[in-house]
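First the structure, in the form of structure tokens, and then the observations on it.
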Amino acid sequence: MHYGFYLLVLLMVGTGYATALFADLPAIVFAGSGDPLPPTFTAYPTFVAHAMLATILASLIVLHVLAALYHHAVRKDGLLRRMLFGRRRVSVPAE
């Protein structure tokens with residue numbers, strides 16, 4: 001799951017960078033070309049991919065948090081405690 005998050009974040013960076021290049025944002029923002037910003041970025045396919053990836057990433061983050069809360073509140077398996085720093089306690093499951 002975490003590798004999927006890393007991949008989505010890298011894809012977000014890539015599509016955001018590609019959109020900036022297609023819209024010539026480095027020249028507008030950093031070089032002071034004086035050109036106006038594009039009225040919309042939706043004309044760029046990389047922006048559409050960026051928006052879709054953002055929606056997927058946000059949804060997966062919400063699901064991930066809900067799964068952690070499920071482990072904490074329903075399963076009571078100490079998952080959140082194991083994720084914290086500090087002294088680790090080993091819990092033996094009841095048989």
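Just so we're on the same page: first chain in the structure tokens is A, next is B, and so on; residues restart at 1 for each chain, and ligands are numbered from 1 in the order they show up.
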
Long-range neighbours of stretch 35-41 of chain A as a ChimeraX atom specification, 10 Å cut-off, only C-alpha atoms, 2 positions minimum in chain | /A:19-20,22-25,27-29,32-33,43-48

Can you write just those residues out, N, CA, C and O atoms, as a PDB file, in the first residue's frame?
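Resulting contents of again_32.pdb:
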ATOM      1  N   THR A  19       2.805  19.755 -16.667  1.00  0.00           N
ATOM      2  CA  THR A  19       1.815  20.805 -16.916  1.00  0.00           C
ATOM      3  C   THR A  19       2.470  22.178 -16.871  1.00  0.00           C
ATOM      4  O   THR A  19       2.182  23.043 -17.702  1.00  0.00           O
ATOM      5  N   ALA A  20       3.353  22.377 -15.893  1.00  0.00           N
ATOM      6  CA  ALA A  20       4.048  23.661 -15.790  1.00  0.00           C
ATOM      7  C   ALA A  20       4.890  23.927 -17.032  1.00  0.00           C
ATOM      8  O   ALA A  20       4.929  25.055 -17.538  1.00  0.00           O
ATOM      9  N   PHE A  22       4.403  22.628 -20.115  1.00  0.00           N
ATOM     10  CA  PHE A  22       3.521  22.857 -21.262  1.00  0.00           C
ATOM     11  C   PHE A  22       2.900  24.253 -21.242  1.00  0.00           C
ATOM     12  O   PHE A  22       2.704  24.873 -22.272  1.00  0.00           O
ATOM     13  N   ALA A  23       2.598  24.749 -20.041  1.00  0.00           N
ATOM     14  CA  ALA A  23       1.992  26.076 -19.911  1.00  0.00           C
ATOM     15  C   ALA A  23       3.043  27.182 -19.881  1.00  0.00           C
ATOM     16  O   ALA A  23       2.698  28.355 -19.741  1.00  0.00           O
ATOM     17  N   ASP A  24       4.310  26.835 -19.988  1.00  0.00           N
ATOM     18  CA  ASP A  24       5.429  27.773 -19.966  1.00  0.00           C
ATOM     19  C   ASP A  24       5.473  28.577 -18.665  1.00  0.00           C
ATOM     20  O   ASP A  24       5.809  29.765 -18.657  1.00  0.00           O
ATOM     21  N   LEU A  25       5.139  27.909 -17.569  1.00  0.00           N
ATOM     22  CA  LEU A  25       5.126  28.588 -16.274  1.00  0.00           C
ATOM     23  C   LEU A  25       6.513  29.010 -15.792  1.00  0.00           C
ATOM     24  O   LEU A  25       6.625  30.074 -15.163  1.00  0.00           O
ATOM     25  N   ALA A  27       8.944  30.342 -17.406  1.00  0.00           N
ATOM     26  CA  ALA A  27       9.253  31.647 -17.996  1.00  0.00           C
ATOM     27  C   ALA A  27       8.363  32.738 -17.416  1.00  0.00           C
ATOM     28  O   ALA A  27       8.805  33.864 -17.190  1.00  0.00           O
ATOM     29  N   ILE A  28       7.116  32.399 -17.146  1.00  0.00           N
ATOM     30  CA  ILE A  28       6.170  33.395 -16.615  1.00  0.00           C
ATOM     31  C   ILE A  28       6.491  33.725 -15.161  1.00  0.00           C
ATOM     32  O   ILE A  28       6.539  34.893 -14.771  1.00  0.00           O
ATOM     33  N   VAL A  29       6.744  32.701 -14.366  1.00  0.00           N
ATOM     34  CA  VAL A  29       6.899  32.903 -12.920  1.00  0.00           C
ATOM     35  C   VAL A  29       8.326  33.308 -12.549  1.00  0.00           C
ATOM     36  O   VAL A  29       8.522  34.231 -11.760  1.00  0.00           O
ATOM     37  N   GLY A  32      10.206  36.210 -15.461  1.00  0.00           N
ATOM     38  CA  GLY A  32       9.589  37.525 -15.610  1.00  0.00           C
ATOM     39  C   GLY A  32       9.281  37.886 -17.046  1.00  0.00           C
ATOM     40  O   GLY A  32       9.490  39.030 -17.456  1.00  0.00           O
ATOM     41  N   SER A  33       8.754  36.945 -17.816  1.00  0.00           N
ATOM     42  CA  SER A  33       8.480  37.210 -19.228  1.00  0.00           C
ATOM     43  C   SER A  33       7.343  38.213 -19.430  1.00  0.00           C
ATOM     44  O   SER A  33       7.237  38.822 -20.474  1.00  0.00           O
ATOM     45  N   ALA A  43      -6.957  22.589 -20.421  1.00  0.00           N
ATOM     46  CA  ALA A  43      -6.661  22.286 -21.822  1.00  0.00           C
ATOM     47  C   ALA A  43      -5.465  21.345 -21.944  1.00  0.00           C
ATOM     48  O   ALA A  43      -5.275  20.723 -22.988  1.00  0.00           O
ATOM     49  N   TYR A  44      -4.688  21.215 -20.888  1.00  0.00           N
ATOM     50  CA  TYR A  44      -3.500  20.369 -20.917  1.00  0.00           C
ATOM     51  C   TYR A  44      -3.858  18.977 -20.406  1.00  0.00           C
ATOM     52  O   TYR A  44      -4.379  18.829 -19.295  1.00  0.00           O
ATOM     53  N   PRO A  45      -3.577  17.931 -21.195  1.00  0.00           N
ATOM     54  CA  PRO A  45      -3.904  16.572 -20.747  1.00  0.00           C
ATOM     55  C   PRO A  45      -3.164  16.177 -19.475  1.00  0.00           C
ATOM     56  O   PRO A  45      -3.678  15.398 -18.673  1.00  0.00           O
ATOM     57  N   THR A  46      -1.980  16.731 -19.283  1.00  0.00           N
ATOM     58  CA  THR A  46      -1.244  16.400 -18.063  1.00  0.00           C
ATOM     59  C   THR A  46      -1.937  16.967 -16.827  1.00  0.00           C
ATOM     60  O   THR A  46      -1.857  16.386 -15.751  1.00  0.00           O
ATOM     61  N   PHE A  47      -2.629  18.088 -16.985  1.00  0.00           N
ATOM     62  CA  PHE A  47      -3.369  18.641 -15.855  1.00  0.00           C
ATOM     63  C   PHE A  47      -4.563  17.766 -15.513  1.00  0.00           C
ATOM     64  O   PHE A  47      -4.883  17.569 -14.335  1.00  0.00           O
ATOM     65  N   VAL A  48      -5.214  17.238 -16.528  1.00  0.00           N
ATOM     66  CA  VAL A  48      -6.348  16.335 -16.297  1.00  0.00           C
ATOM     67  C   VAL A  48      -5.858  15.094 -15.545  1.00  0.00           C
ATOM     68  O   VAL A  48      -6.496  14.647 -14.584  1.00  0.00           O
TER      69      VAL A  48
END

* Can you check which residues of chain A DSSP gives as helix (DSSP H, G or I) on the backbone and send them as number ranges by chain? => A: 2-22, 25-30, 45-75, 79-83

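Coordinates place atom CA of A:Tyr70 at a distance of 26.9 Å from atom CA of A:Met52.
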
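For the set A:Thr42, A:Ala73, A:Pro26, A:Leu57, the residue with the smallest atom-to-atom gap to A:Leu11 is A:Leu57, counting only C-alpha atoms.
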
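Distance check against A:Ala68 using only C-alpha atoms: of A:Gly34, A:Tyr6, A:Ala51, A:Arg81, the minimum falls on A:Arg81.
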
Residue neighbourhood A:Val9, 12 Å, only C-alpha atoms, exclusion window fewer than 3 positions, as a VMD selection string = chain A and resid 2 to 6 12 to 16 50 53 to 58 60 to 61

Could those selected residues go to a file with N, CA and C atoms, as a PDB file, in the first residue's frame?
ATOM      1  N   HIS A   2       1.909   1.241   0.840  1.00  0.00           N
ATOM      2  CA  HIS A   2       2.740   2.435   0.933  1.00  0.00           C
ATOM      3  C   HIS A   2       3.512   2.691  -0.357  1.00  0.00           C
ATOM      4  N   TYR A   3       3.942   1.634  -1.023  1.00  0.00           N
ATOM      5  CA  TYR A   3       4.621   1.829  -2.300  1.00  0.00           C
ATOM      6  C   TYR A   3       3.669   2.442  -3.325  1.00  0.00           C
ATOM      7  N   GLY A   4       2.392   2.090  -3.231  1.00  0.00           N
ATOM      8  CA  GLY A   4       1.391   2.718  -4.100  1.00  0.00           C
ATOM      9  C   GLY A   4       1.272   4.206  -3.834  1.00  0.00           C
ATOM     10  N   PHE A   5       1.327   4.590  -2.547  1.00  0.00           N
ATOM     11  CA  PHE A   5       1.306   6.017  -2.200  1.00  0.00           C
ATOM     12  C   PHE A   5       2.525   6.723  -2.788  1.00  0.00           C
ATOM     13  N   TYR A   6       3.679   6.110  -2.653  1.00  0.00           N
ATOM     14  CA  TYR A   6       4.904   6.720  -3.183  1.00  0.00           C
ATOM     15  C   TYR A   6       4.810   6.892  -4.697  1.00  0.00           C
ATOM     16  N   MET A  12       2.155  12.435  -9.319  1.00  0.00           N
ATOM     17  CA  MET A  12       1.620  13.782  -9.114  1.00  0.00           C
ATOM     18  C   MET A  12       2.685  14.834  -9.418  1.00  0.00           C
ATOM     19  N   VAL A  13       3.896  14.605  -8.913  1.00  0.00           N
ATOM     20  CA  VAL A  13       4.990  15.538  -9.174  1.00  0.00           C
ATOM     21  C   VAL A  13       5.278  15.608 -10.671  1.00  0.00           C
ATOM     22  N   GLY A  14       5.327  14.454 -11.317  1.00  0.00           N
ATOM     23  CA  GLY A  14       5.624  14.418 -12.743  1.00  0.00           C
ATOM     24  C   GLY A  14       4.584  15.112 -13.593  1.00  0.00           C
ATOM     25  N   THR A  15       3.303  14.858 -13.308  1.00  0.00           N
ATOM     26  CA  THR A  15       2.255  15.505 -14.104  1.00  0.00           C
ATOM     27  C   THR A  15       2.169  16.996 -13.798  1.00  0.00           C
ATOM     28  N   GLY A  16       2.430  17.383 -12.559  1.00  0.00           N
ATOM     29  CA  GLY A  16       2.451  18.807 -12.232  1.00  0.00           C
ATOM     30  C   GLY A  16       3.588  19.534 -12.920  1.00  0.00           C
ATOM     31  N   HIS A  50      -3.228  14.971 -13.656  1.00  0.00           N
ATOM     32  CA  HIS A  50      -2.851  15.469 -12.330  1.00  0.00           C
ATOM     33  C   HIS A  50      -4.072  15.536 -11.413  1.00  0.00           C
ATOM     34  N   LEU A  53      -5.201  11.975 -10.528  1.00  0.00           N
ATOM     35  CA  LEU A  53      -4.297  11.394  -9.539  1.00  0.00           C
ATOM     36  C   LEU A  53      -4.521  12.010  -8.156  1.00  0.00           C
ATOM     37  N   ALA A  54      -4.798  13.286  -8.109  1.00  0.00           N
ATOM     38  CA  ALA A  54      -5.057  13.949  -6.822  1.00  0.00           C
ATOM     39  C   ALA A  54      -6.302  13.378  -6.162  1.00  0.00           C
ATOM     40  N   THR A  55      -7.333  13.125  -6.950  1.00  0.00           N
ATOM     41  CA  THR A  55      -8.563  12.543  -6.413  1.00  0.00           C
ATOM     42  C   THR A  55      -8.311  11.127  -5.900  1.00  0.00           C
ATOM     43  N   ILE A  56      -7.570  10.342  -6.669  1.00  0.00           N
ATOM     44  CA  ILE A  56      -7.258   8.974  -6.254  1.00  0.00           C
ATOM     45  C   ILE A  56      -6.414   8.982  -4.986  1.00  0.00           C
ATOM     46  N   LEU A  57      -5.407   9.842  -4.945  1.00  0.00           N
ATOM     47  CA  LEU A  57      -4.530   9.910  -3.780  1.00  0.00           C
ATOM     48  C   LEU A  57      -5.293  10.336  -2.529  1.00  0.00           C
ATOM     49  N   ALA A  58      -6.137  11.340  -2.648  1.00  0.00           N
ATOM     50  CA  ALA A  58      -6.923  11.795  -1.492  1.00  0.00           C
ATOM     51  C   ALA A  58      -7.868  10.692  -1.010  1.00  0.00           C
ATOM     52  N   LEU A  60      -7.452   7.423  -1.351  1.00  0.00           N
ATOM     53  CA  LEU A  60      -6.673   6.366  -0.710  1.00  0.00           C
ATOM     54  C   LEU A  60      -6.164   6.788   0.668  1.00  0.00           C
ATOM     55  N   ILE A  61      -5.846   8.057   0.836  1.00  0.00           N
ATOM     56  CA  ILE A  61      -5.431   8.540   2.162  1.00  0.00           C
ATOM     57  C   ILE A  61      -6.584   8.420   3.151  1.00  0.00           C
TER      58      ILE A  61
END

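Atom CA of A:Ala49 lies 10.5 Å from atom CA of A:Ala18.
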
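Going from atom CA of A:His71 over to atom CA of A:Met83, you cover 12.0 Å.
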